[in-house]
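Dumped data37.txt below, it's compact mmCIF, C-alpha atoms:
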# COMPACT_ATOMS: atom_id res chain seq x y z
CA MET P 1 -3.27 4.80 18.06
CA ILE P 2 -5.10 1.64 19.17
CA SER P 3 -8.15 0.78 17.08
CA SER P 4 -10.98 -1.64 17.60
CA ILE P 5 -10.97 -4.73 15.39
CA PRO P 6 -11.67 -5.26 12.49
CA VAL P 7 -9.80 -2.32 11.03
CA ILE P 8 -8.39 -1.27 7.66
CA ILE P 9 -5.86 1.42 6.81
CA LEU P 10 -4.83 2.54 3.33
CA HIS P 11 -2.75 5.14 1.49
CA GLY P 12 -2.77 6.85 -1.88
CA GLY P 13 0.97 7.44 -2.13
CA ALA P 14 3.65 9.57 -0.48
CA GLY P 15 4.34 12.64 -2.60
CA TYR P 16 3.72 16.37 -2.89
CA TRP P 17 0.19 16.52 -4.25
CA GLU P 18 0.25 20.19 -5.24
CA GLY P 19 -2.14 21.04 -8.06
CA LYS P 20 -4.31 17.99 -7.46
CA ASP P 21 -8.00 18.00 -6.66
CA LEU P 22 -7.60 17.00 -3.05
CA LYS P 23 -11.35 16.84 -2.49
CA GLU P 24 -11.57 14.14 -5.13
CA VAL P 25 -8.54 12.37 -3.70
CA GLU P 26 -10.01 12.37 -0.19
CA LYS P 27 -13.37 11.24 -1.54
CA ALA P 28 -11.70 8.34 -3.34
CA ILE P 29 -9.64 7.10 -0.40
CA ARG P 30 -12.65 7.43 1.91
CA GLU P 31 -14.79 5.32 -0.42
CA ALA P 32 -11.97 2.80 -0.88
CA THR P 33 -11.78 2.49 2.90
CA GLU P 34 -15.53 2.01 3.19
CA ARG P 35 -15.59 -0.61 0.46
CA GLY P 36 -12.71 -2.49 1.97
CA PHE P 37 -14.30 -2.44 5.42
CA GLU P 38 -17.57 -3.78 4.03
CA GLU P 39 -15.73 -6.97 3.05
CA PHE P 40 -15.27 -7.88 6.72
CA SER P 41 -18.97 -8.71 6.91
CA SER P 42 -18.57 -11.71 4.63
CA GLY P 43 -14.84 -12.16 4.08
CA SER P 44 -11.43 -11.76 5.63
CA SER P 45 -8.63 -9.22 5.58
CA ILE P 46 -7.67 -10.60 2.18
CA GLU P 47 -10.91 -9.48 0.56
CA ALA P 48 -10.80 -6.16 2.45
CA VAL P 49 -7.34 -5.25 1.16
CA VAL P 50 -7.99 -6.40 -2.41
CA GLU P 51 -11.29 -4.51 -2.65
CA ALA P 52 -9.83 -1.28 -1.26
CA ILE P 53 -6.82 -1.35 -3.57
CA SER P 54 -8.90 -2.36 -6.60
CA PHE P 55 -11.12 0.67 -6.06
CA MET P 56 -8.11 2.98 -6.00
CA GLU P 57 -6.68 1.30 -9.11
CA ASP P 58 -9.97 1.92 -10.92
CA SER P 59 -10.31 5.55 -9.78
CA GLY P 60 -7.59 6.89 -12.10
CA LEU P 61 -6.48 9.34 -9.40
CA PHE P 62 -3.37 7.47 -8.33
CA ASP P 63 -0.29 5.95 -9.92
CA ALA P 64 -1.85 2.50 -9.97
CA GLY P 65 -4.30 0.80 -12.31
CA LYS P 66 -6.00 3.30 -14.60
CA GLY P 67 -3.89 6.19 -13.33
CA SER P 68 -0.57 4.45 -13.93
CA VAL P 69 2.32 6.47 -15.31
CA LYS P 70 4.02 5.47 -18.55
CA ASN P 71 7.53 4.29 -19.18
CA SER P 72 9.99 5.90 -21.59
CA GLU P 73 8.37 4.13 -24.55
CA GLY P 74 4.85 5.24 -23.66
CA ASN P 75 3.72 1.91 -22.24
CA VAL P 76 2.17 1.05 -18.88
CA GLU P 77 3.94 -1.56 -16.73
CA MET P 78 2.18 -2.13 -13.41
CA ASP P 79 3.34 -4.08 -10.36
CA ALA P 80 1.46 -5.28 -7.27
CA GLY P 81 1.96 -7.56 -4.30
CA LEU P 82 -0.12 -9.11 -1.52
CA MET P 83 0.79 -11.03 1.64
CA ASP P 84 -1.19 -12.95 4.24
CA GLY P 85 0.54 -12.76 7.62
CA LYS P 86 -1.33 -15.76 9.02
CA THR P 87 0.10 -18.20 6.48
CA MET P 88 3.08 -16.14 5.22
CA SER P 89 1.68 -16.66 1.72
CA ALA P 90 2.58 -13.97 -0.81
CA GLY P 91 1.80 -13.26 -4.44
CA SER P 92 3.03 -10.58 -6.82
CA VAL P 93 2.75 -9.63 -10.47
CA VAL P 94 5.09 -7.39 -12.42
CA LEU P 95 5.00 -5.65 -15.80
CA LEU P 96 1.23 -5.98 -16.12
CA ASN P 97 -0.32 -3.64 -18.68
CA SER P 98 -4.05 -4.16 -18.14
CA GLY P 99 -6.63 -5.08 -15.53
CA ASN P 100 -6.35 -4.86 -11.76
CA PRO P 101 -2.83 -5.81 -10.68
CA ILE P 102 -3.83 -6.50 -7.07
CA ARG P 103 -6.43 -9.07 -8.20
CA GLU P 104 -3.80 -10.75 -10.33
CA ALA P 105 -1.45 -10.78 -7.33
CA LEU P 106 -4.22 -12.48 -5.33
CA LYS P 107 -4.44 -15.24 -7.96
CA VAL P 108 -0.70 -15.85 -7.65
CA MET P 109 -0.93 -15.95 -3.85
CA ARG P 110 -3.86 -18.36 -3.87
CA LYS P 111 -2.23 -20.69 -6.37
CA GLY P 112 0.73 -20.87 -4.03
CA LYS P 113 3.31 -22.29 -6.42
CA HIS P 114 5.33 -19.09 -6.92
CA VAL P 115 5.60 -15.65 -5.33
CA ILE P 116 6.32 -13.37 -8.33
CA ILE P 117 5.03 -13.76 -11.87
CA ALA P 118 5.90 -11.47 -14.81
CA LYS P 119 2.78 -10.70 -16.85
CA GLY P 120 4.08 -8.08 -19.26
CA ILE P 121 2.94 -7.72 -22.85
CA GLN P 122 4.26 -4.59 -24.53
CA THR P 123 1.35 -2.76 -26.12
CA LYS P 124 0.33 0.87 -26.19
CA SER P 125 -2.11 1.77 -23.44
CA SER P 126 -4.99 4.23 -23.22
CA PHE P 127 -4.40 4.69 -19.49
CA HIS P 128 -3.69 8.23 -18.33
CA ASP P 129 -0.68 9.34 -16.33
CA SER P 130 -1.71 10.53 -12.85
CA GLY P 131 1.80 11.65 -11.91
CA GLU P 132 1.39 10.73 -8.26
CA ASP P 133 2.22 7.59 -6.32
CA THR P 134 1.57 4.02 -5.31
CA VAL P 135 -1.49 2.80 -3.38
CA GLY P 136 -1.66 0.27 -0.58
CA ALA P 137 -3.75 -1.14 2.24
CA VAL P 138 -3.42 -3.22 5.40
CA ALA P 139 -6.27 -4.94 7.24
CA LEU P 140 -6.80 -6.88 10.46
CA ASP P 141 -9.93 -9.01 10.84
CA ARG P 142 -11.66 -10.59 13.84
CA GLU P 143 -9.72 -13.81 13.36
CA GLY P 144 -6.43 -11.94 13.81
CA ARG P 145 -5.40 -12.26 10.15
CA ILE P 146 -3.22 -9.37 8.99
CA VAL P 147 -2.95 -8.79 5.24
CA ALA P 148 -0.93 -6.15 3.40
CA GLY P 149 -0.94 -5.16 -0.27
CA THR P 150 0.59 -2.54 -2.57
CA SER P 151 -0.02 -1.60 -6.22
CA THR P 152 1.78 0.83 -8.51
CA GLY P 153 2.40 2.03 -12.03
CA GLY P 154 6.02 2.77 -11.11
CA ILE P 155 8.04 5.87 -11.97
CA SER P 156 7.12 8.06 -14.92
CA GLY P 157 9.60 7.71 -17.78
CA LYS P 158 11.18 4.57 -16.31
CA ASP P 159 13.17 2.20 -18.49
CA PRO P 160 11.06 -0.64 -19.92
CA GLY P 161 11.18 -3.66 -17.64
CA ARG P 162 11.98 -1.64 -14.50
CA ILE P 163 10.55 -3.17 -11.33
CA GLY P 164 10.33 -1.19 -8.10
CA ASP P 165 9.64 -2.11 -4.51
CA SER P 166 5.85 -2.54 -4.65
CA PRO P 167 5.79 -6.25 -5.65
CA ILE P 168 8.68 -7.24 -3.37
CA PRO P 169 7.88 -8.71 0.07
CA GLY P 170 9.81 -6.89 2.80
CA ALA P 171 10.13 -3.78 0.67
CA GLY P 172 6.81 -2.57 -0.75
CA PHE P 173 4.68 -4.70 1.56
CA TYR P 174 5.00 -7.24 4.33
CA ALA P 175 2.74 -9.13 6.73
CA THR P 176 3.29 -11.53 9.59
CA GLU P 177 1.19 -12.65 12.55
CA ARG P 178 2.51 -9.53 14.30
CA ILE P 179 2.27 -6.66 11.82
CA GLY P 180 1.33 -5.59 8.31
CA VAL P 181 2.96 -2.75 6.33
CA SER P 182 2.55 -1.06 2.95
CA SER P 183 5.30 1.22 1.65
CA THR P 184 5.26 4.00 -0.92
CA GLY P 185 7.93 6.26 -2.39
CA ILE P 186 11.03 5.85 -4.53
CA GLY P 187 11.32 2.16 -5.28
CA GLU P 188 15.08 2.03 -5.71
CA ILE P 189 15.58 3.49 -2.23
CA ILE P 190 12.99 1.22 -0.62
CA LEU P 191 14.54 -1.84 -2.27
CA LYS P 192 17.92 -0.94 -0.77
CA THR P 193 16.59 -0.54 2.77
CA LEU P 194 13.71 -3.08 3.04
CA PRO P 195 11.77 -0.94 5.54
CA ALA P 196 8.65 -3.12 5.62
CA LYS P 197 10.66 -6.10 6.87
CA GLU P 198 12.51 -3.82 9.27
CA VAL P 199 9.24 -2.76 10.90
CA ASP P 200 8.48 -6.39 11.73
CA ILE P 201 11.95 -6.86 13.21
CA LEU P 202 11.72 -3.73 15.35
CA PHE P 203 8.22 -4.65 16.52
CA SER P 204 9.39 -8.14 17.49
CA MET P 205 12.15 -6.48 19.56
CA GLY P 206 9.60 -4.61 21.64
CA LEU P 207 9.03 -1.30 19.86
CA THR P 208 5.47 -0.13 19.39
CA LEU P 209 4.25 -0.21 15.81
CA ASP P 210 4.27 3.59 15.68
CA ASN P 211 7.88 3.78 16.85
CA ALA P 212 8.91 0.98 14.50
CA ILE P 213 7.45 2.71 11.44
CA ARG P 214 8.76 6.11 12.52
CA SER P 215 12.24 4.65 13.05
CA SER P 216 12.24 2.99 9.63
CA VAL P 217 11.19 6.20 7.88
CA ASP P 218 13.73 8.22 9.87
CA LYS P 219 16.48 5.76 8.93
CA VAL P 220 15.73 6.20 5.22
CA THR P 221 15.69 9.98 5.69
CA SER P 222 19.06 9.93 7.48
CA ILE P 223 20.65 8.04 4.58
CA PHE P 224 18.89 9.47 1.50
CA GLY P 225 17.28 12.70 2.68
CA LYS P 226 13.61 13.61 2.51
CA GLY P 227 10.99 13.15 -0.18
CA ASN P 228 11.29 9.43 -0.81
CA ILE P 229 9.18 7.25 1.52
CA GLY P 230 5.91 6.79 3.35
CA MET P 231 4.55 3.80 5.28
CA ILE P 232 1.30 2.66 6.84
CA GLY P 233 0.84 -0.24 9.19
CA LEU P 234 -1.29 -2.28 11.57
CA SER P 235 -0.30 -4.49 14.48
CA LYS P 236 -1.98 -7.55 15.94
CA TYR P 237 -3.16 -5.33 18.81
CA GLY P 238 -5.01 -3.00 16.45
CA GLU P 239 -2.35 -0.29 16.47
CA VAL P 240 -2.70 2.01 13.45
CA SER P 241 0.24 4.08 12.25
CA ALA P 242 1.39 6.16 9.27
CA HIS P 243 4.60 8.15 8.74
CA PHE P 244 6.23 9.77 5.70
CA ASN P 245 9.01 12.20 4.81
CA THR P 246 7.23 13.80 1.86
CA ASN P 247 4.89 16.75 1.83
CA GLY P 248 1.80 14.57 2.03
CA MET P 249 0.41 11.06 1.91
CA PRO P 250 -3.37 10.61 1.50
CA ARG P 251 -4.43 7.99 4.02
CA CYS P 252 -7.53 6.68 5.78
CA PHE P 253 -8.42 4.17 8.42
CA LYS P 254 -11.76 2.73 9.44
CA ASN P 255 -13.07 0.62 12.29
CA SER P 256 -16.63 0.04 13.48
CA GLU P 257 -16.76 3.43 15.21
CA LYS P 258 -15.33 5.87 12.69
CA THR P 259 -13.50 6.69 9.49
CA GLN P 260 -10.66 9.21 9.49
CA CYS P 261 -8.82 10.53 6.43
CA LEU P 262 -5.74 12.79 6.27
CA ILE P 263 -3.58 14.09 3.44
CA TYR P 264 -0.83 16.19 4.98
CA LYS P 265 0.79 16.05 8.43
CA GLY P 266 -1.19 14.78 11.39
CA ASP P 267 -1.84 11.65 13.40
CA PHE P 268 -4.92 9.47 13.52
CA GLN P 269 -7.01 10.13 16.61
Go through the file and emit its structure as structure tokens.
Amino acid sequence: MISSIPVIILHGGAGYWEGKDLKEVEKAIREATERGFEEFSSGSSIEAVVEAISFMEDSGLFDAGKGSVKNSEGNVEMDAGLMDGKTMSAGSVVLLNSGNPIREALKVMRKGKHVIIAKGIQTKSSFHDSGEDTVGAVALDREGRIVAGTSTGGISGKDPGRIGDSPIPGAGFYATERIGVSSTGIGEIILKTLPAKEVDILFSMGLTLDNAIRSSVDKVTSIFGKGNIGMIGLSKYGEVSAHFNTNGMPRCFKNSEKTQCLIYKGDFQ
């Protein structure tokens, strides 16, 4: 689907979502979308993505921020990454156990010296385990800047020190002057296939964004089966796309005309 610009799209994680309060989930992703879009009035796609993801981290409804799952020792270890397609700048944090990981990733990106910084301090956390999945957002502003970000608490019961795909450019997120993508699912599978980078390659070869994302998800499914990946994306033309091989993936997009949110199967209109 082609959207007017500026536009933001976000997700609350590819998963199964049974037994969850889907009204609260939809309310949260809708508000996150609205808050992110509001940032276009005074800022860029960077502020839009960071604000939207921060809201989801703070909601406690997703496996990110306050809703992060715990590792096998009962600790929270959060990862997040952010990339600016205009400058190819990227920043990530891993093993963070407090605060808003996406805002910490922004600090790393703005400093510009490194791409990934480990922030972990092993302490018990009062966060609660949401049991669902990663959050992410992609935005395109009037200046043509595409920014993508992803934030996660990882996999419940993971070994201490485990790092998934979310803070890795080309895996959990990726942005260029052409496209921006945020991935969600099983990190070990996404790290092996680098679908976010693959979307950019396919798009540069002439595929539409929708076909590029669909092809990347289908490739993962053909190798590893279903139930392991979802992706959202934006192109420089304002194309909005989302595909997943799980039961559901809460997702929203907003432009100046409308906001649309979906949880299960269906395409943006």
Residue nearest Thr184 of chain P among P:Ser204, P:Asn228, P:Asn211, P:Ser54 (counting all atoms listed in the file)
P:Asn228
Shell of 9 Å around segment 230-243 of chain P, all atoms listed in the file, local chain residues under 5 positions omitted, as a ChimeraX atom specification
/P:1-11,13-15,136-140,144-146,148,177-185,195-196,199,203,208-211,213-214,216-217,248-249,251,253,265,267-268
Of the residues P:Gly227, P:Pro160, P:Gly43, P:Gly149, which is the one nearest to Gly85 of chain P, using only C-alpha atoms?
P:Gly149
Please return, as a PyMOL selection string, all polymer residues that have at least one atom within 12 Å of the point (-1.7, -22.8, -2.1); use all atoms listed in the file and the file's own coordinate frame.
chain P and resi 84+87-91+106-115
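A straight line drawn from atom CA of Asp133 of chain P to atom CA of Trp17 of chain P is 9.4 Å long.
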For segment 80-92 of chain P, I'd like the enclosing box, axis-aligned and padded by 8 Å on every side, reported as lines of an AutoDock Vina configuration file with centre and edge lengths in Å to one decimal.
center_x = 0.9
center_y = -11.7
center_z = 0.9
size_x = 20.4
size_y = 28.9
size_z = 32.3
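Across the structure, atom CA of Gly266 of chain P and atom CA of Cys252 of chain P are spaced 11.7 Å apart.
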Correct to one decimal, the distance atom CA of Phe173 of chain P-atom CA of Glu18 of chain P is 26.2 Å
One residue among P:Leu82, P:Val147, P:Ala212, P:Ile186 is nearest to Arg103 of chain P when using all atoms listed in the file, and that residue is P:Leu82
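Using only C-alpha atoms for every distance, the candidate list P:Lys192, P:Lys23, P:Lys226, P:Arg30 yields P:Arg30 as the residue closest to Lys258 of chain P.
With only C-alpha atoms as the atoms that count, the residue of P:Gly81, P:Gly65, P:Gly19, P:Gly99 with the shortest distance to Ile163 of chain P is P:Gly81.
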Measuring atom to atom with all atoms listed in the file, identify which of P:Cys261, P:Leu207, P:Ile168, P:Ala64 is nearest to Thr33 of chain P.
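When distances to Thr33 of chain P are compared using all atoms listed in the file, the smallest one comes from P:Cys261.
Non-sequential neighbours of Asp58 of chain P (distance at most 12 Å, separation of 3 or more positions within a chain, only C-alpha atoms) are Ala28, Ile29, Ala32, Glu51, Ala52, Ile53, Ser54, Phe55, Leu61, Phe62, Asp63, Ala64, Gly65, Lys66, Gly67, Ser68, Ser98, Gly99, Asn100, Pro101, Ile102, Arg103, Phe127, His128, Val135 and Ser151 of chain P.
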Identify, on the basis of only C-alpha atoms, every residue whose closest approach to Leu194 of chain P does not exceed 6 Å; exclude the query and any residue fewer than 4 positions from it along the same chain; express the result as number ranges by chain.
P: 170-171, 190
Since the input has fewer atoms than a full residue there, write segment 234-252 of chain P out with N, CA, C and O atoms, as a PDB file, in the frame of the given file.
ATOM      1  N   LEU P 234      -0.399  -1.791  10.528  1.00  0.00           N
ATOM      2  CA  LEU P 234      -1.290  -2.280  11.570  1.00  0.00           C
ATOM      3  C   LEU P 234      -0.553  -3.336  12.379  1.00  0.00           C
ATOM      4  O   LEU P 234       0.261  -4.092  11.823  1.00  0.00           O
ATOM      5  N   SER P 235      -0.855  -3.409  13.665  1.00  0.00           N
ATOM      6  CA  SER P 235      -0.300  -4.490  14.480  1.00  0.00           C
ATOM      7  C   SER P 235      -1.405  -5.436  14.900  1.00  0.00           C
ATOM      8  O   SER P 235      -2.599  -5.141  14.753  1.00  0.00           O
ATOM      9  N   LYS P 236      -1.018  -6.558  15.480  1.00  0.00           N
ATOM     10  CA  LYS P 236      -1.980  -7.550  15.940  1.00  0.00           C
ATOM     11  C   LYS P 236      -2.855  -7.020  17.077  1.00  0.00           C
ATOM     12  O   LYS P 236      -3.913  -7.582  17.364  1.00  0.00           O
ATOM     13  N   TYR P 237      -2.399  -5.934  17.724  1.00  0.00           N
ATOM     14  CA  TYR P 237      -3.160  -5.330  18.810  1.00  0.00           C
ATOM     15  C   TYR P 237      -4.159  -4.273  18.309  1.00  0.00           C
ATOM     16  O   TYR P 237      -4.878  -3.684  19.094  1.00  0.00           O
ATOM     17  N   GLY P 238      -4.148  -4.025  17.003  1.00  0.00           N
ATOM     18  CA  GLY P 238      -5.010  -3.000  16.450  1.00  0.00           C
ATOM     19  C   GLY P 238      -4.371  -1.635  16.393  1.00  0.00           C
ATOM     20  O   GLY P 238      -5.041  -0.641  16.115  1.00  0.00           O
ATOM     21  N   GLU P 239      -3.047  -1.561  16.618  1.00  0.00           N
ATOM     22  CA  GLU P 239      -2.350  -0.290  16.470  1.00  0.00           C
ATOM     23  C   GLU P 239      -2.368   0.150  15.008  1.00  0.00           C
ATOM     24  O   GLU P 239      -2.109  -0.652  14.118  1.00  0.00           O
ATOM     25  N   VAL P 240      -2.665   1.422  14.788  1.00  0.00           N
ATOM     26  CA  VAL P 240      -2.700   2.010  13.450  1.00  0.00           C
ATOM     27  C   VAL P 240      -1.642   3.100  13.380  1.00  0.00           C
ATOM     28  O   VAL P 240      -1.572   3.953  14.262  1.00  0.00           O
ATOM     29  N   SER P 241      -0.831   3.092  12.339  1.00  0.00           N
ATOM     30  CA  SER P 241       0.240   4.080  12.250  1.00  0.00           C
ATOM     31  C   SER P 241       0.526   4.447  10.798  1.00  0.00           C
ATOM     32  O   SER P 241       0.359   3.631   9.894  1.00  0.00           O
ATOM     33  N   ALA P 242       0.988   5.685  10.603  1.00  0.00           N
ATOM     34  CA  ALA P 242       1.390   6.160   9.270  1.00  0.00           C
ATOM     35  C   ALA P 242       2.438   7.253   9.441  1.00  0.00           C
ATOM     36  O   ALA P 242       2.254   8.183  10.228  1.00  0.00           O
ATOM     37  N   HIS P 243       3.543   7.125   8.715  1.00  0.00           N
ATOM     38  CA  HIS P 243       4.600   8.150   8.740  1.00  0.00           C
ATOM     39  C   HIS P 243       5.168   8.305   7.336  1.00  0.00           C
ATOM     40  O   HIS P 243       5.190   7.355   6.552  1.00  0.00           O
ATOM     41  N   PHE P 244       5.672   9.498   7.029  1.00  0.00           N
ATOM     42  CA  PHE P 244       6.230   9.770   5.700  1.00  0.00           C
ATOM     43  C   PHE P 244       7.168  10.958   5.794  1.00  0.00           C
ATOM     44  O   PHE P 244       7.081  11.772   6.721  1.00  0.00           O
ATOM     45  N   ASN P 245       8.092  11.060   4.833  1.00  0.00           N
ATOM     46  CA  ASN P 245       9.010  12.200   4.810  1.00  0.00           C
ATOM     47  C   ASN P 245       8.799  13.081   3.586  1.00  0.00           C
ATOM     48  O   ASN P 245       9.676  13.842   3.187  1.00  0.00           O
ATOM     49  N   THR P 246       7.632  12.954   2.976  1.00  0.00           N
ATOM     50  CA  THR P 246       7.230  13.800   1.860  1.00  0.00           C
ATOM     51  C   THR P 246       6.274  14.875   2.357  1.00  0.00           C
ATOM     52  O   THR P 246       5.952  14.923   3.539  1.00  0.00           O
ATOM     53  N   ASN P 247       5.811  15.699   1.435  1.00  0.00           N
ATOM     54  CA  ASN P 247       4.890  16.750   1.830  1.00  0.00           C
ATOM     55  C   ASN P 247       3.552  16.194   2.308  1.00  0.00           C
ATOM     56  O   ASN P 247       2.943  16.710   3.239  1.00  0.00           O
ATOM     57  N   GLY P 248       3.092  15.146   1.663  1.00  0.00           N
ATOM     58  CA  GLY P 248       1.800  14.570   2.030  1.00  0.00           C
ATOM     59  C   GLY P 248       1.722  13.098   1.685  1.00  0.00           C
ATOM     60  O   GLY P 248       2.557  12.561   0.943  1.00  0.00           O
ATOM     61  N   MET P 249       0.714  12.450   2.235  1.00  0.00           N
ATOM     62  CA  MET P 249       0.410  11.060   1.910  1.00  0.00           C
ATOM     63  C   MET P 249      -1.063  10.830   2.229  1.00  0.00           C
ATOM     64  O   MET P 249      -1.429  10.640   3.389  1.00  0.00           O
ATOM     65  N   PRO P 250      -1.951  10.884   1.239  1.00  0.00           N
ATOM     66  CA  PRO P 250      -3.370  10.610   1.500  1.00  0.00           C
ATOM     67  C   PRO P 250      -3.532   9.252   2.167  1.00  0.00           C
ATOM     68  O   PRO P 250      -2.963   8.256   1.710  1.00  0.00           O
ATOM     69  N   ARG P 251      -4.295   9.225   3.257  1.00  0.00           N
ATOM     70  CA  ARG P 251      -4.430   7.990   4.020  1.00  0.00           C
ATOM     71  C   ARG P 251      -5.728   8.002   4.810  1.00  0.00           C
ATOM     72  O   ARG P 251      -6.212   9.060   5.214  1.00  0.00           O
ATOM     73  N   CYS P 252      -6.283   6.831   5.021  1.00  0.00           N
ATOM     74  CA  CYS P 252      -7.530   6.680   5.780  1.00  0.00           C
ATOM     75  C   CYS P 252      -7.450   5.420   6.620  1.00  0.00           C
ATOM     76  O   CYS P 252      -6.765   4.467   6.250  1.00  0.00           O
TER      77      CYS P 252
END
